[in-house]
Amino acid sequence: MRENHVLLEIQDLKKHFPIRGGILSRVVGSVKAVDGVSFAIKKGEVLGLVGESGSGKTTVGRTLLRLIEPTGGRILFEGRDITDLPKDKLRPYRRRMQIIFQDPFSSLNPRMTVGDIIAEPLIIHGLGKTPQERTERVAELLKLVGLSPDHMRRYPHEFSGGQRQRIGIARALAVAPEFIVADEPVSALDVSIQAQVVNLLQDLKEELGLTLLFIAHDLAVVEYISDRVAVMYLGKVMEIASSRELYRNPKHPYTEALLSAVPIPDPTVKRERIVLQGDIPSPINPPSGCVFRTRCRYALPECAQVVPELKEVSPGHYKACIRDDIL
Amino acid sequence: MPEGVRMDEKRLLEVRDLKVHFFTDDGVVKAVDGVSFHVDKGETLAVVGESGSGKSVTALSIMRLIPTPPGRIVGGEILFRGKDGEVRDLARLSEAEMRRIRGNDIAMIFQEPMTSLNPVYTVGDQIAEAIMLHQGKSRKEAMELAAHMLDLVGIPEPKKRLANYPHQMSGGMRQRVMIAMALSCNPSLLIADEPTTALDVTIQAQILELMKKLQEEIGMSILFITHNLGVVAEMADRVVVMYAGRAVEEADVVPLFKDPLHPYTRGLLHSVPRLDLAAEHKERLEAIPGNVPNPLYLPSGCAFHPRCKHYVEGLCDREVPPLEGTGDGRQVRCVRWREIREVRA
């Protein structure tokens with residue numbers, strides 16, 4: 001395999017959820033949760049996906065795994081279009097793409113032992129043939145995520161939040177995937193535990209050569225773990241750049257405001273803060289043209305006319321904004 | 001003064017050796033176990049801690065909102081200077097006396113603005129209710145004041161918004177309504193329990209900005225409960241760090257962040273990635289090992305010792321270390337703080 005080859009790519013991905021109303025439950029509108037998102041993730045890369053609630057970042061993660069079916073666009077895994085693959089043909093790809101969920105409390109079945117939880121994907125994908133083989137694999141996985149093989153016989157409620165998140169990670173890793181969607185994997189955890197899980201994910205990525213889509217709203221955590229970062233707002237990507245470039249040199253007004261809104265844990269640091277007015281508009285009826293223009297301090301009348309394309313402003317740095325005279 | 005309670009002139013609130021225990025079927029949870037701190041007039045004190053540290057229980061105790069049973073204030077004093085100038089021990093007030101304090105003298109805002117607003121009343125009714133109750137105003141006057149309050153917290157078209165129900169508003173708007181309601185009776189102390197945790201960062205920035213602005217205008221003191229160190233750095237004058245039901249460190253905000261004395265405070269500060277140090281500083285995060293302890297089975301001695309890299313057997317696990325003054329107006333609960341500080345210097 002070539003270096004730098006693209007493992008996963010999405011092109012103009014769309015997910016519109018229908019809104020039904022009236023006695024006939026006719027479709028009266030749609031929530032444009034994801035509205036034309038494109039990006040590519042190279043093998044071994046961590047792409048961070050940030051955005052506020054309602055930006056569509058979680059829907060992107062679930063749609064590209066086809067946990068929910070896209071309304072439009074294409075999903076390519078190793079160059080192969082998997083957008084319309086039927087279930088049986090999709091299964092081999094499912095093994096290679098896994099997900100880690102935000103809430104370590106609701107994503108583990110409380111009636112199953114930790115061993116059974118981690119072994120389940122092995123059974124589904126026919127990987128561990130005998131119970132003994134599976135037990136060995138589970139023990140190995142538990143060690144890999146920093147737990148003890150003795151924990152196999154226990155139930156999820158016997159573990160703390162951080163430990164449960166480790167169990168969720170072990171389950172995702174069970175089938176030796178190449179690509180993992182980590183959907184807010186640390187946001188439900190205590191501050192002192194977050195760092196443990198972030199470090200673990202980073203070690204695993206190195207050790208197993210994983211490719212990650214790291215979805216989170218915590219910009220500092222995303223910056224820390226990601227090679228490149230995409231910023232979403234109201235179903236669209238506003239900006240993509242290398243992590244370093246994006247944080248040092250944001251080109252989109254939304255990224256600029258988002259970064260300035262994060263409180264820095266140092267009382268001696270004084271920064272100019274751009275306080276965005278108002279709330280995220282409804283994705284049912286998003287603003288015309290640039291979806292961010294209603295809260296943008298640089299907006300011009302033209303911003304309402306055209307939907308800005310994501311265009312390259314410097315090598316590898318893309319932004320969706322018609323104003324080139326700012327930032 | 002009736003009970004002969006005395007408190008320094010500039011103090012608004014002084015919590016002394018507060019103990020709040022929960023008597024559960026599985027045993028006694030010492031949620032707050034001997035916590036002392038004070039809030040001066042006009043200042044913002046942040047209480048920081050993770051889940052189970054006792055920070056929220058401390059806040060609820062001051063409002064006397066601990067669910068009893070199973071919880072109970074089993075010891076300590078909560079001295080508070082009322083608007084009338086009189087110092088009372090809130091831990092010993094009757095429910096009727098307490099009701100006059102709540103809302104009027106001390107108001108509280110919570111993390112989840114959706115669950116703390118009543119879904120079947122309009123926001124106007126809810127704000128006006130507090131005003132009528134505490135200030136004896138007519139409904140018409142109260143509604144006018146409610147509109148004024150909504151305007152004050154930056155809600156556009158306040159008169160129209162009075163007729164809205166909570167579900168018609170966004171999370172940030174609802175938190176503004178909560179703040180409007182809390183401040184409608186001019187409290188001298190606002191207790192804010194994780195007020196921005198459920199909000200997006202851009203909305204959080206709006207709310208923090210608003211709280212700072214209102215504090216300047218109204219001059220109330222704020223007791224800010226949070227786990228977010230960034231928010232602490234931004235809002236607090238002074239900080240109390242809590243761990244497993246006890247205060248482990250107290251200091252002014254700048255020295256606390258610059259030179260944390262307790263290993264737990266230091267660990268917390270090092271375990272969060274910092275956006276402003278981005279890129280150059282991509283070394284590993286210094287995670288605190290282990291888990292937050294189970295409050296039913298707290299470790300012996302210093303509750304942090306199983307996770308502490310400075311732990312010395314026979315020293316740290318014997319007795320609960322006292323909260324010691326460091327001579328420069330700070331306090332720390334660690335028997336080894338001097339050595340640790342010297343080694344670092």
# chains A, B, ... in the order shown; residues from 1 in each chain; ligands from 1
>>> interface_residues(of="chain A", to="chain B", cutoff="7 Å", atoms="only C-alpha atoms", output="PyMOL selection string")
chain A and resi 52-53+190-192+195-196+199+220-221+224+244+258+261-268+275-276
>>> residues_around(residues="region 143-151 of chain A", least_positions_apart="5", cutoff="7 Å", atoms="only C-alpha atoms", output="list in words")
Val114, Arg166, Ala170 and Leu200 of chain A
>>> closest_residue(among="A:Leu7, A:Phe292, A:Val181, A:Arg91", to="Gly126 (chain A)", atoms="only C-alpha atoms")
A:Arg91
>>> residues_around(residues="Tyr297 (chain B)", least_positions_apart="3", cutoff="10 Å", atoms="only C-alpha atoms", output="ChimeraX atom specification")
/B:27-30,293-294,300,303
>>> select_by_dssp(residues="region 60-218 of chain A", states="helix (DSSP H, G or I)", output="PDB file with N, CA and C atoms, in the first residue's frame")
ATOM      1  N   VAL A  60     -22.717  12.806  10.810  1.00  0.00           N
ATOM      2  CA  VAL A  60     -21.675  12.472   9.828  1.00  0.00           C
ATOM      3  C   VAL A  60     -21.030  11.140  10.210  1.00  0.00           C
ATOM      4  N   GLY A  61     -20.649  11.027  11.486  1.00  0.00           N
ATOM      5  CA  GLY A  61     -19.986   9.804  11.956  1.00  0.00           C
ATOM      6  C   GLY A  61     -20.851   8.572  11.746  1.00  0.00           C
ATOM      7  N   ARG A  62     -22.118   8.693  12.056  1.00  0.00           N
ATOM      8  CA  ARG A  62     -22.995   7.531  11.940  1.00  0.00           C
ATOM      9  C   ARG A  62     -23.353   7.236  10.496  1.00  0.00           C
ATOM     10  N   THR A  63     -23.475   8.275   9.680  1.00  0.00           N
ATOM     11  CA  THR A  63     -23.849   8.060   8.285  1.00  0.00           C
ATOM     12  C   THR A  63     -22.693   7.418   7.515  1.00  0.00           C
ATOM     13  N   LEU A  64     -21.477   7.831   7.806  1.00  0.00           N
ATOM     14  CA  LEU A  64     -20.382   7.262   7.015  1.00  0.00           C
ATOM     15  C   LEU A  64     -20.128   5.807   7.386  1.00  0.00           C
ATOM     16  N   LYS A  87     -26.660  -5.275   2.676  1.00  0.00           N
ATOM     17  CA  LYS A  87     -26.170  -5.654   4.006  1.00  0.00           C
ATOM     18  C   LYS A  87     -25.091  -6.728   4.010  1.00  0.00           C
ATOM     19  N   ASP A  88     -25.328  -7.792   3.249  1.00  0.00           N
ATOM     20  CA  ASP A  88     -24.370  -8.899   3.290  1.00  0.00           C
ATOM     21  C   ASP A  88     -23.017  -8.512   2.701  1.00  0.00           C
ATOM     22  N   LYS A  89     -23.064  -7.631   1.692  1.00  0.00           N
ATOM     23  CA  LYS A  89     -21.802  -7.189   1.087  1.00  0.00           C
ATOM     24  C   LYS A  89     -21.109  -6.153   1.972  1.00  0.00           C
ATOM     25  N   LEU A  90     -21.918  -5.498   2.823  1.00  0.00           N
ATOM     26  CA  LEU A  90     -21.371  -4.449   3.687  1.00  0.00           C
ATOM     27  C   LEU A  90     -20.633  -5.048   4.891  1.00  0.00           C
ATOM     28  N   ARG A  91     -21.058  -6.273   5.267  1.00  0.00           N
ATOM     29  CA  ARG A  91     -20.532  -6.848   6.507  1.00  0.00           C
ATOM     30  C   ARG A  91     -19.006  -6.862   6.617  1.00  0.00           C
ATOM     31  N   PRO A  92     -18.273  -7.290   5.560  1.00  0.00           N
ATOM     32  CA  PRO A  92     -16.809  -7.255   5.678  1.00  0.00           C
ATOM     33  C   PRO A  92     -16.282  -5.854   5.985  1.00  0.00           C
ATOM     34  N   TYR A  93     -16.976  -4.840   5.459  1.00  0.00           N
ATOM     35  CA  TYR A  93     -16.544  -3.462   5.729  1.00  0.00           C
ATOM     36  C   TYR A  93     -16.873  -3.062   7.156  1.00  0.00           C
ATOM     37  N   ARG A  94     -18.007  -3.580   7.625  1.00  0.00           N
ATOM     38  CA  ARG A  94     -18.397  -3.296   9.018  1.00  0.00           C
ATOM     39  C   ARG A  94     -17.320  -3.737   9.993  1.00  0.00           C
ATOM     40  N   ARG A  95     -16.682  -4.863   9.689  1.00  0.00           N
ATOM     41  CA  ARG A  95     -15.632  -5.346  10.567  1.00  0.00           C
ATOM     42  C   ARG A  95     -14.460  -4.354  10.596  1.00  0.00           C
ATOM     43  N   ARG A  96     -14.239  -3.728   9.476  1.00  0.00           N
ATOM     44  CA  ARG A  96     -13.066  -2.871   9.369  1.00  0.00           C
ATOM     45  C   ARG A  96     -13.321  -1.451   9.888  1.00  0.00           C
ATOM     46  N   VAL A 114     -18.735  -8.318  30.991  1.00  0.00           N
ATOM     47  CA  VAL A 114     -17.781  -7.597  30.169  1.00  0.00           C
ATOM     48  C   VAL A 114     -17.189  -8.532  29.112  1.00  0.00           C
ATOM     49  N   GLY A 115     -16.929  -9.774  29.505  1.00  0.00           N
ATOM     50  CA  GLY A 115     -16.385 -10.753  28.559  1.00  0.00           C
ATOM     51  C   GLY A 115     -17.324 -10.968  27.385  1.00  0.00           C
ATOM     52  N   ASP A 116     -18.610 -11.131  27.671  1.00  0.00           N
ATOM     53  CA  ASP A 116     -19.594 -11.351  26.599  1.00  0.00           C
ATOM     54  C   ASP A 116     -19.740 -10.123  25.711  1.00  0.00           C
ATOM     55  N   ILE A 117     -19.678  -8.946  26.332  1.00  0.00           N
ATOM     56  CA  ILE A 117     -19.804  -7.706  25.558  1.00  0.00           C
ATOM     57  C   ILE A 117     -18.676  -7.607  24.527  1.00  0.00           C
ATOM     58  N   ILE A 118     -17.465  -7.911  24.978  1.00  0.00           N
ATOM     59  CA  ILE A 118     -16.315  -7.769  24.076  1.00  0.00           C
ATOM     60  C   ILE A 118     -16.272  -8.920  23.059  1.00  0.00           C
ATOM     61  N   ALA A 119     -16.786 -10.105  23.469  1.00  0.00           N
ATOM     62  CA  ALA A 119     -16.743 -11.259  22.562  1.00  0.00           C
ATOM     63  C   ALA A 119     -17.831 -11.194  21.493  1.00  0.00           C
ATOM     64  N   GLU A 120     -18.889 -10.430  21.745  1.00  0.00           N
ATOM     65  CA  GLU A 120     -20.023 -10.419  20.811  1.00  0.00           C
ATOM     66  C   GLU A 120     -19.628 -10.072  19.374  1.00  0.00           C
ATOM     67  N   PRO A 121     -18.865  -8.989  19.154  1.00  0.00           N
ATOM     68  CA  PRO A 121     -18.467  -8.725  17.758  1.00  0.00           C
ATOM     69  C   PRO A 121     -17.642  -9.851  17.145  1.00  0.00           C
ATOM     70  N   LEU A 122     -16.886 -10.591  17.966  1.00  0.00           N
ATOM     71  CA  LEU A 122     -16.100 -11.717  17.445  1.00  0.00           C
ATOM     72  C   LEU A 122     -17.041 -12.784  16.896  1.00  0.00           C
ATOM     73  N   ILE A 123     -18.116 -13.039  17.633  1.00  0.00           N
ATOM     74  CA  ILE A 123     -19.088 -14.060  17.207  1.00  0.00           C
ATOM     75  C   ILE A 123     -19.780 -13.602  15.923  1.00  0.00           C
ATOM     76  N   ILE A 124     -20.222 -12.344  15.932  1.00  0.00           N
ATOM     77  CA  ILE A 124     -20.944 -11.828  14.770  1.00  0.00           C
ATOM     78  C   ILE A 124     -20.107 -11.922  13.500  1.00  0.00           C
ATOM     79  N   PRO A 131     -14.922 -21.057  22.014  1.00  0.00           N
ATOM     80  CA  PRO A 131     -15.041 -20.199  23.198  1.00  0.00           C
ATOM     81  C   PRO A 131     -13.677 -19.886  23.816  1.00  0.00           C
ATOM     82  N   GLN A 132     -12.797 -20.875  23.757  1.00  0.00           N
ATOM     83  CA  GLN A 132     -11.478 -20.652  24.365  1.00  0.00           C
ATOM     84  C   GLN A 132     -10.687 -19.587  23.601  1.00  0.00           C
ATOM     85  N   GLU A 133     -10.756 -19.669  22.280  1.00  0.00           N
ATOM     86  CA  GLU A 133     -10.086 -18.681  21.447  1.00  0.00           C
ATOM     87  C   GLU A 133     -10.607 -17.279  21.759  1.00  0.00           C
ATOM     88  N   ARG A 134     -11.939 -17.198  21.911  1.00  0.00           N
ATOM     89  CA  ARG A 134     -12.555 -15.902  22.178  1.00  0.00           C
ATOM     90  C   ARG A 134     -12.117 -15.377  23.540  1.00  0.00           C
ATOM     91  N   THR A 135     -12.105 -16.277  24.533  1.00  0.00           N
ATOM     92  CA  THR A 135     -11.693 -15.853  25.869  1.00  0.00           C
ATOM     93  C   THR A 135     -10.267 -15.310  25.848  1.00  0.00           C
ATOM     94  N   GLU A 136      -9.427 -15.970  25.105  1.00  0.00           N
ATOM     95  CA  GLU A 136      -8.043 -15.507  25.016  1.00  0.00           C
ATOM     96  C   GLU A 136      -7.969 -14.124  24.386  1.00  0.00           C
ATOM     97  N   ARG A 137      -8.751 -13.959  23.344  1.00  0.00           N
ATOM     98  CA  ARG A 137      -8.768 -12.666  22.655  1.00  0.00           C
ATOM     99  C   ARG A 137      -9.308 -11.562  23.580  1.00  0.00           C
ATOM    100  N   VAL A 138     -10.362 -11.886  24.324  1.00  0.00           N
ATOM    101  CA  VAL A 138     -10.943 -10.903  25.247  1.00  0.00           C
ATOM    102  C   VAL A 138      -9.922 -10.502  26.310  1.00  0.00           C
ATOM    103  N   ALA A 139      -9.208 -11.514  26.831  1.00  0.00           N
ATOM    104  CA  ALA A 139      -8.190 -11.234  27.855  1.00  0.00           C
ATOM    105  C   ALA A 139      -7.119 -10.300  27.293  1.00  0.00           C
ATOM    106  N   GLU A 140      -6.727 -10.589  26.064  1.00  0.00           N
ATOM    107  CA  GLU A 140      -5.708  -9.785  25.398  1.00  0.00           C
ATOM    108  C   GLU A 140      -6.198  -8.338  25.217  1.00  0.00           C
ATOM    109  N   LEU A 141      -7.463  -8.207  24.816  1.00  0.00           N
ATOM    110  CA  LEU A 141      -8.035  -6.879  24.603  1.00  0.00           C
ATOM    111  C   LEU A 141      -8.138  -6.097  25.903  1.00  0.00           C
ATOM    112  N   LEU A 142      -8.553  -6.787  26.967  1.00  0.00           N
ATOM    113  CA  LEU A 142      -8.670  -6.104  28.256  1.00  0.00           C
ATOM    114  C   LEU A 142      -7.315  -5.565  28.696  1.00  0.00           C
ATOM    115  N   LYS A 143      -6.273  -6.360  28.482  1.00  0.00           N
ATOM    116  CA  LYS A 143      -4.928  -5.890  28.843  1.00  0.00           C
ATOM    117  C   LYS A 143      -4.536  -4.688  27.981  1.00  0.00           C
ATOM    118  N   LEU A 144      -4.893  -4.778  26.722  1.00  0.00           N
ATOM    119  CA  LEU A 144      -4.555  -3.712  25.772  1.00  0.00           C
ATOM    120  C   LEU A 144      -5.126  -2.355  26.202  1.00  0.00           C
ATOM    121  N   PRO A 149      -7.590  -9.065  32.855  1.00  0.00           N
ATOM    122  CA  PRO A 149      -8.404 -10.174  32.340  1.00  0.00           C
ATOM    123  C   PRO A 149      -9.430 -10.682  33.368  1.00  0.00           C
ATOM    124  N   ASP A 150      -9.165 -10.466  34.654  1.00  0.00           N
ATOM    125  CA  ASP A 150     -10.127 -10.883  35.691  1.00  0.00           C
ATOM    126  C   ASP A 150     -11.451 -10.137  35.568  1.00  0.00           C
ATOM    127  N   HIS A 151     -11.408  -8.980  34.926  1.00  0.00           N
ATOM    128  CA  HIS A 151     -12.624  -8.178  34.831  1.00  0.00           C
ATOM    129  C   HIS A 151     -13.675  -8.789  33.912  1.00  0.00           C
ATOM    130  N   MET A 152     -13.286  -9.815  33.177  1.00  0.00           N
ATOM    131  CA  MET A 152     -14.147 -10.449  32.179  1.00  0.00           C
ATOM    132  C   MET A 152     -15.494 -10.914  32.727  1.00  0.00           C
ATOM    133  N   ARG A 153     -15.481 -11.424  33.925  1.00  0.00           N
ATOM    134  CA  ARG A 153     -16.704 -12.013  34.485  1.00  0.00           C
ATOM    135  C   ARG A 153     -17.590 -10.983  35.196  1.00  0.00           C
ATOM    136  N   PRO A 156     -21.052  -4.412  33.743  1.00  0.00           N
ATOM    137  CA  PRO A 156     -20.689  -2.989  33.548  1.00  0.00           C
ATOM    138  C   PRO A 156     -20.879  -2.113  34.789  1.00  0.00           C
ATOM    139  N   HIS A 157     -21.947  -2.370  35.584  1.00  0.00           N
ATOM    140  CA  HIS A 157     -22.208  -1.459  36.709  1.00  0.00           C
ATOM    141  C   HIS A 157     -21.113  -1.505  37.760  1.00  0.00           C
ATOM    142  N   GLU A 158     -20.257  -2.524  37.691  1.00  0.00           N
ATOM    143  CA  GLU A 158     -19.189  -2.621  38.689  1.00  0.00           C
ATOM    144  C   GLU A 158     -17.998  -1.733  38.336  1.00  0.00           C
ATOM    145  N   GLY A 161     -16.869   5.207  35.218  1.00  0.00           N
ATOM    146  CA  GLY A 161     -17.060   5.751  33.870  1.00  0.00           C
ATOM    147  C   GLY A 161     -15.852   5.553  32.969  1.00  0.00           C
ATOM    148  N   GLY A 162     -14.676   5.845  33.497  1.00  0.00           N
ATOM    149  CA  GLY A 162     -13.454   5.720  32.708  1.00  0.00           C
ATOM    150  C   GLY A 162     -13.192   4.273  32.321  1.00  0.00           C
ATOM    151  N   GLN A 163     -13.426   3.362  33.275  1.00  0.00           N
ATOM    152  CA  GLN A 163     -13.223   1.940  32.993  1.00  0.00           C
ATOM    153  C   GLN A 163     -14.222   1.444  31.960  1.00  0.00           C
ATOM    154  N   ARG A 164     -15.474   1.939  32.049  1.00  0.00           N
ATOM    155  CA  ARG A 164     -16.478   1.522  31.067  1.00  0.00           C
ATOM    156  C   ARG A 164     -16.107   1.995  29.676  1.00  0.00           C
ATOM    157  N   GLN A 165     -15.533   3.208  29.625  1.00  0.00           N
ATOM    158  CA  GLN A 165     -15.134   3.689  28.307  1.00  0.00           C
ATOM    159  C   GLN A 165     -14.024   2.793  27.759  1.00  0.00           C
ATOM    160  N   ARG A 166     -13.175   2.295  28.631  1.00  0.00           N
ATOM    161  CA  ARG A 166     -12.133   1.355  28.188  1.00  0.00           C
ATOM    162  C   ARG A 166     -12.768   0.066  27.657  1.00  0.00           C
ATOM    163  N   ILE A 167     -13.830  -0.377  28.304  1.00  0.00           N
ATOM    164  CA  ILE A 167     -14.526  -1.582  27.830  1.00  0.00           C
ATOM    165  C   ILE A 167     -15.100  -1.329  26.431  1.00  0.00           C
ATOM    166  N   GLY A 168     -15.698  -0.154  26.254  1.00  0.00           N
ATOM    167  CA  GLY A 168     -16.244   0.210  24.947  1.00  0.00           C
ATOM    168  C   GLY A 168     -15.157   0.238  23.870  1.00  0.00           C
ATOM    169  N   ILE A 169     -13.992   0.690  24.254  1.00  0.00           N
ATOM    170  CA  ILE A 169     -12.865   0.731  23.306  1.00  0.00           C
ATOM    171  C   ILE A 169     -12.416  -0.697  22.979  1.00  0.00           C
ATOM    172  N   ALA A 170     -12.352  -1.552  24.009  1.00  0.00           N
ATOM    173  CA  ALA A 170     -11.952  -2.947  23.780  1.00  0.00           C
ATOM    174  C   ALA A 170     -12.932  -3.630  22.831  1.00  0.00           C
ATOM    175  N   ARG A 171     -14.223  -3.347  22.985  1.00  0.00           N
ATOM    176  CA  ARG A 171     -15.225  -3.944  22.113  1.00  0.00           C
ATOM    177  C   ARG A 171     -15.024  -3.489  20.664  1.00  0.00           C
ATOM    178  N   ALA A 172     -14.728  -2.194  20.495  1.00  0.00           N
ATOM    179  CA  ALA A 172     -14.510  -1.683  19.145  1.00  0.00           C
ATOM    180  C   ALA A 172     -13.270  -2.317  18.513  1.00  0.00           C
ATOM    181  N   LEU A 173     -12.262  -2.580  19.359  1.00  0.00           N
ATOM    182  CA  LEU A 173     -11.008  -3.116  18.832  1.00  0.00           C
ATOM    183  C   LEU A 173     -11.052  -4.618  18.602  1.00  0.00           C
ATOM    184  N   VAL A 191     -12.663  15.129  34.539  1.00  0.00           N
ATOM    185  CA  VAL A 191     -11.458  15.745  33.972  1.00  0.00           C
ATOM    186  C   VAL A 191     -10.226  14.863  34.150  1.00  0.00           C
ATOM    187  N   SER A 192     -10.039  14.313  35.360  1.00  0.00           N
ATOM    188  CA  SER A 192      -8.816  13.545  35.606  1.00  0.00           C
ATOM    189  C   SER A 192      -8.827  12.232  34.836  1.00  0.00           C
ATOM    190  N   ILE A 193      -9.989  11.771  34.420  1.00  0.00           N
ATOM    191  CA  ILE A 193     -10.103  10.500  33.701  1.00  0.00           C
ATOM    192  C   ILE A 193      -9.993  10.732  32.195  1.00  0.00           C
ATOM    193  N   GLN A 194     -10.446  11.904  31.736  1.00  0.00           N
ATOM    194  CA  GLN A 194     -10.367  12.231  30.310  1.00  0.00           C
ATOM    195  C   GLN A 194      -8.965  12.040  29.758  1.00  0.00           C
ATOM    196  N   ALA A 195      -7.980  12.544  30.494  1.00  0.00           N
ATOM    197  CA  ALA A 195      -6.601  12.473  30.018  1.00  0.00           C
ATOM    198  C   ALA A 195      -6.165  11.013  29.862  1.00  0.00           C
ATOM    199  N   GLN A 196      -6.601  10.155  30.790  1.00  0.00           N
ATOM    200  CA  GLN A 196      -6.253   8.724  30.692  1.00  0.00           C
ATOM    201  C   GLN A 196      -6.766   8.149  29.381  1.00  0.00           C
ATOM    202  N   VAL A 197      -8.019   8.443  29.045  1.00  0.00           N
ATOM    203  CA  VAL A 197      -8.634   7.854  27.859  1.00  0.00           C
ATOM    204  C   VAL A 197      -8.039   8.456  26.580  1.00  0.00           C
ATOM    205  N   VAL A 198      -7.758   9.755  26.603  1.00  0.00           N
ATOM    206  CA  VAL A 198      -7.122  10.388  25.446  1.00  0.00           C
ATOM    207  C   VAL A 198      -5.747   9.752  25.206  1.00  0.00           C
ATOM    208  N   ASN A 199      -4.979   9.586  26.292  1.00  0.00           N
ATOM    209  CA  ASN A 199      -3.664   8.954  26.155  1.00  0.00           C
ATOM    210  C   ASN A 199      -3.782   7.528  25.630  1.00  0.00           C
ATOM    211  N   LEU A 200      -4.787   6.806  26.130  1.00  0.00           N
ATOM    212  CA  LEU A 200      -4.989   5.423  25.684  1.00  0.00           C
ATOM    213  C   LEU A 200      -5.284   5.374  24.182  1.00  0.00           C
ATOM    214  N   LEU A 201      -6.177   6.252  23.734  1.00  0.00           N
ATOM    215  CA  LEU A 201      -6.516   6.266  22.308  1.00  0.00           C
ATOM    216  C   LEU A 201      -5.290   6.576  21.456  1.00  0.00           C
ATOM    217  N   GLN A 202      -4.471   7.473  21.968  1.00  0.00           N
ATOM    218  CA  GLN A 202      -3.285   7.833  21.216  1.00  0.00           C
ATOM    219  C   GLN A 202      -2.290   6.667  21.131  1.00  0.00           C
ATOM    220  N   ASP A 203      -2.125   5.963  22.266  1.00  0.00           N
ATOM    221  CA  ASP A 203      -1.238   4.793  22.272  1.00  0.00           C
ATOM    222  C   ASP A 203      -1.742   3.724  21.315  1.00  0.00           C
ATOM    223  N   LEU A 204      -3.049   3.468  21.365  1.00  0.00           N
ATOM    224  CA  LEU A 204      -3.632   2.426  20.532  1.00  0.00           C
ATOM    225  C   LEU A 204      -3.468   2.765  19.057  1.00  0.00           C
ATOM    226  N   LYS A 205      -3.643   4.035  18.760  1.00  0.00           N
ATOM    227  CA  LYS A 205      -3.508   4.489  17.383  1.00  0.00           C
ATOM    228  C   LYS A 205      -2.096   4.196  16.877  1.00  0.00           C
ATOM    229  N   GLU A 206      -1.101   4.520  17.691  1.00  0.00           N
ATOM    230  CA  GLU A 206       0.294   4.258  17.313  1.00  0.00           C
ATOM    231  C   GLU A 206       0.532   2.761  17.165  1.00  0.00           C
ATOM    232  N   GLU A 207       0.120   2.031  18.204  1.00  0.00           N
ATOM    233  CA  GLU A 207       0.423   0.616  18.290  1.00  0.00           C
ATOM    234  C   GLU A 207      -0.260  -0.180  17.186  1.00  0.00           C
ATOM    235  N   LEU A 208      -1.513   0.147  16.902  1.00  0.00           N
ATOM    236  CA  LEU A 208      -2.292  -0.657  15.969  1.00  0.00           C
ATOM    237  C   LEU A 208      -2.423   0.006  14.600  1.00  0.00           C
TER     238      LEU A 208
END
>>> residues_around(residues="Val15 (chain B)", least_positions_apart="5", cutoff="8 Å", atoms="only C-alpha atoms", output="PyMOL selection string")
chain B and resi 35-38+76-79
>>> residues_around(residues="Ala146 (chain B)", least_positions_apart="4", cutoff="8 Å", atoms="only C-alpha atoms", output="JSON list (two decimals) with N, CA, C and O atoms, in the first residue's frame")
[["chain", "number", "residue", "atom", "x", "y", "z"],
["B", 124, "GLY", "N", -42.73, 34.28, 31.88],
["B", 124, "GLY", "CA", -43.21, 35.49, 32.57],
["B", 124, "GLY", "C", -43.84, 35.14, 33.91],
["B", 124, "GLY", "O", -43.51, 35.73, 34.94],
["B", 127, "ILE", "N", -41.11, 34.06, 36.45],
["B", 127, "ILE", "CA", -40.28, 35.12, 37.02],
["B", 127, "ILE", "C", -41.15, 35.99, 37.95],
["B", 127, "ILE", "O", -40.76, 36.34, 39.06],
["B", 128, "ALA", "N", -42.38, 36.28, 37.51],
["B", 128, "ALA", "CA", -43.27, 37.14, 38.29],
["B", 128, "ALA", "C", -43.64, 36.50, 39.63],
["B", 128, "ALA", "O", -43.78, 37.18, 40.64],
["B", 142, "ALA", "N", -45.16, 43.05, 38.83],
["B", 142, "ALA", "CA", -44.21, 41.94, 38.75],
["B", 142, "ALA", "C", -43.90, 41.60, 37.30],
["B", 142, "ALA", "O", -42.74, 41.34, 36.95],
["B", 150, "LEU", "N", -35.68, 40.34, 31.85],
["B", 150, "LEU", "CA", -35.35, 39.66, 30.60],
["B", 150, "LEU", "C", -34.51, 40.56, 29.71],
["B", 150, "LEU", "O", -33.57, 40.11, 29.04],
["B", 162, "LEU", "N", -42.16, 37.05, 27.45],
["B", 162, "LEU", "CA", -42.81, 36.70, 28.72],
["B", 162, "LEU", "C", -43.86, 35.62, 28.51],
["B", 162, "LEU", "O", -44.11, 34.80, 29.39],
["B", 180, "ALA", "N", -32.29, 35.64, 35.03],
["B", 180, "ALA", "CA", -33.23, 36.74, 35.24],
["B", 180, "ALA", "C", -34.07, 36.48, 36.49],
["B", 180, "ALA", "O", -34.29, 37.35, 37.33],
["B", 181, "MET", "N", -34.53, 35.23, 36.61],
["B", 181, "MET", "CA", -35.36, 34.86, 37.74],
["B", 181, "MET", "C", -34.56, 34.96, 39.04],
["B", 181, "MET", "O", -35.03, 35.49, 40.04],
["B", 184, "SER", "N", -33.94, 38.58, 40.06],
["B", 184, "SER", "CA", -35.09, 39.48, 40.10],
["B", 184, "SER", "C", -35.33, 40.08, 41.48],
["B", 184, "SER", "O", -35.94, 41.13, 41.60]]
>>> select_by_dssp(residues="region 218-262 of chain A", states="strand (DSSP E or B)", output="MDAnalysis selection string")
chainID A and resid 228:233 236:242
>>> residues_around(residues="Val123 (chain B)", least_positions_apart="3", cutoff="7 Å", atoms="only C-alpha atoms", output="list in words")
Gln126, Ile127, Leu162, Ala163, Asn164, Tyr165 and Pro166 of chain B
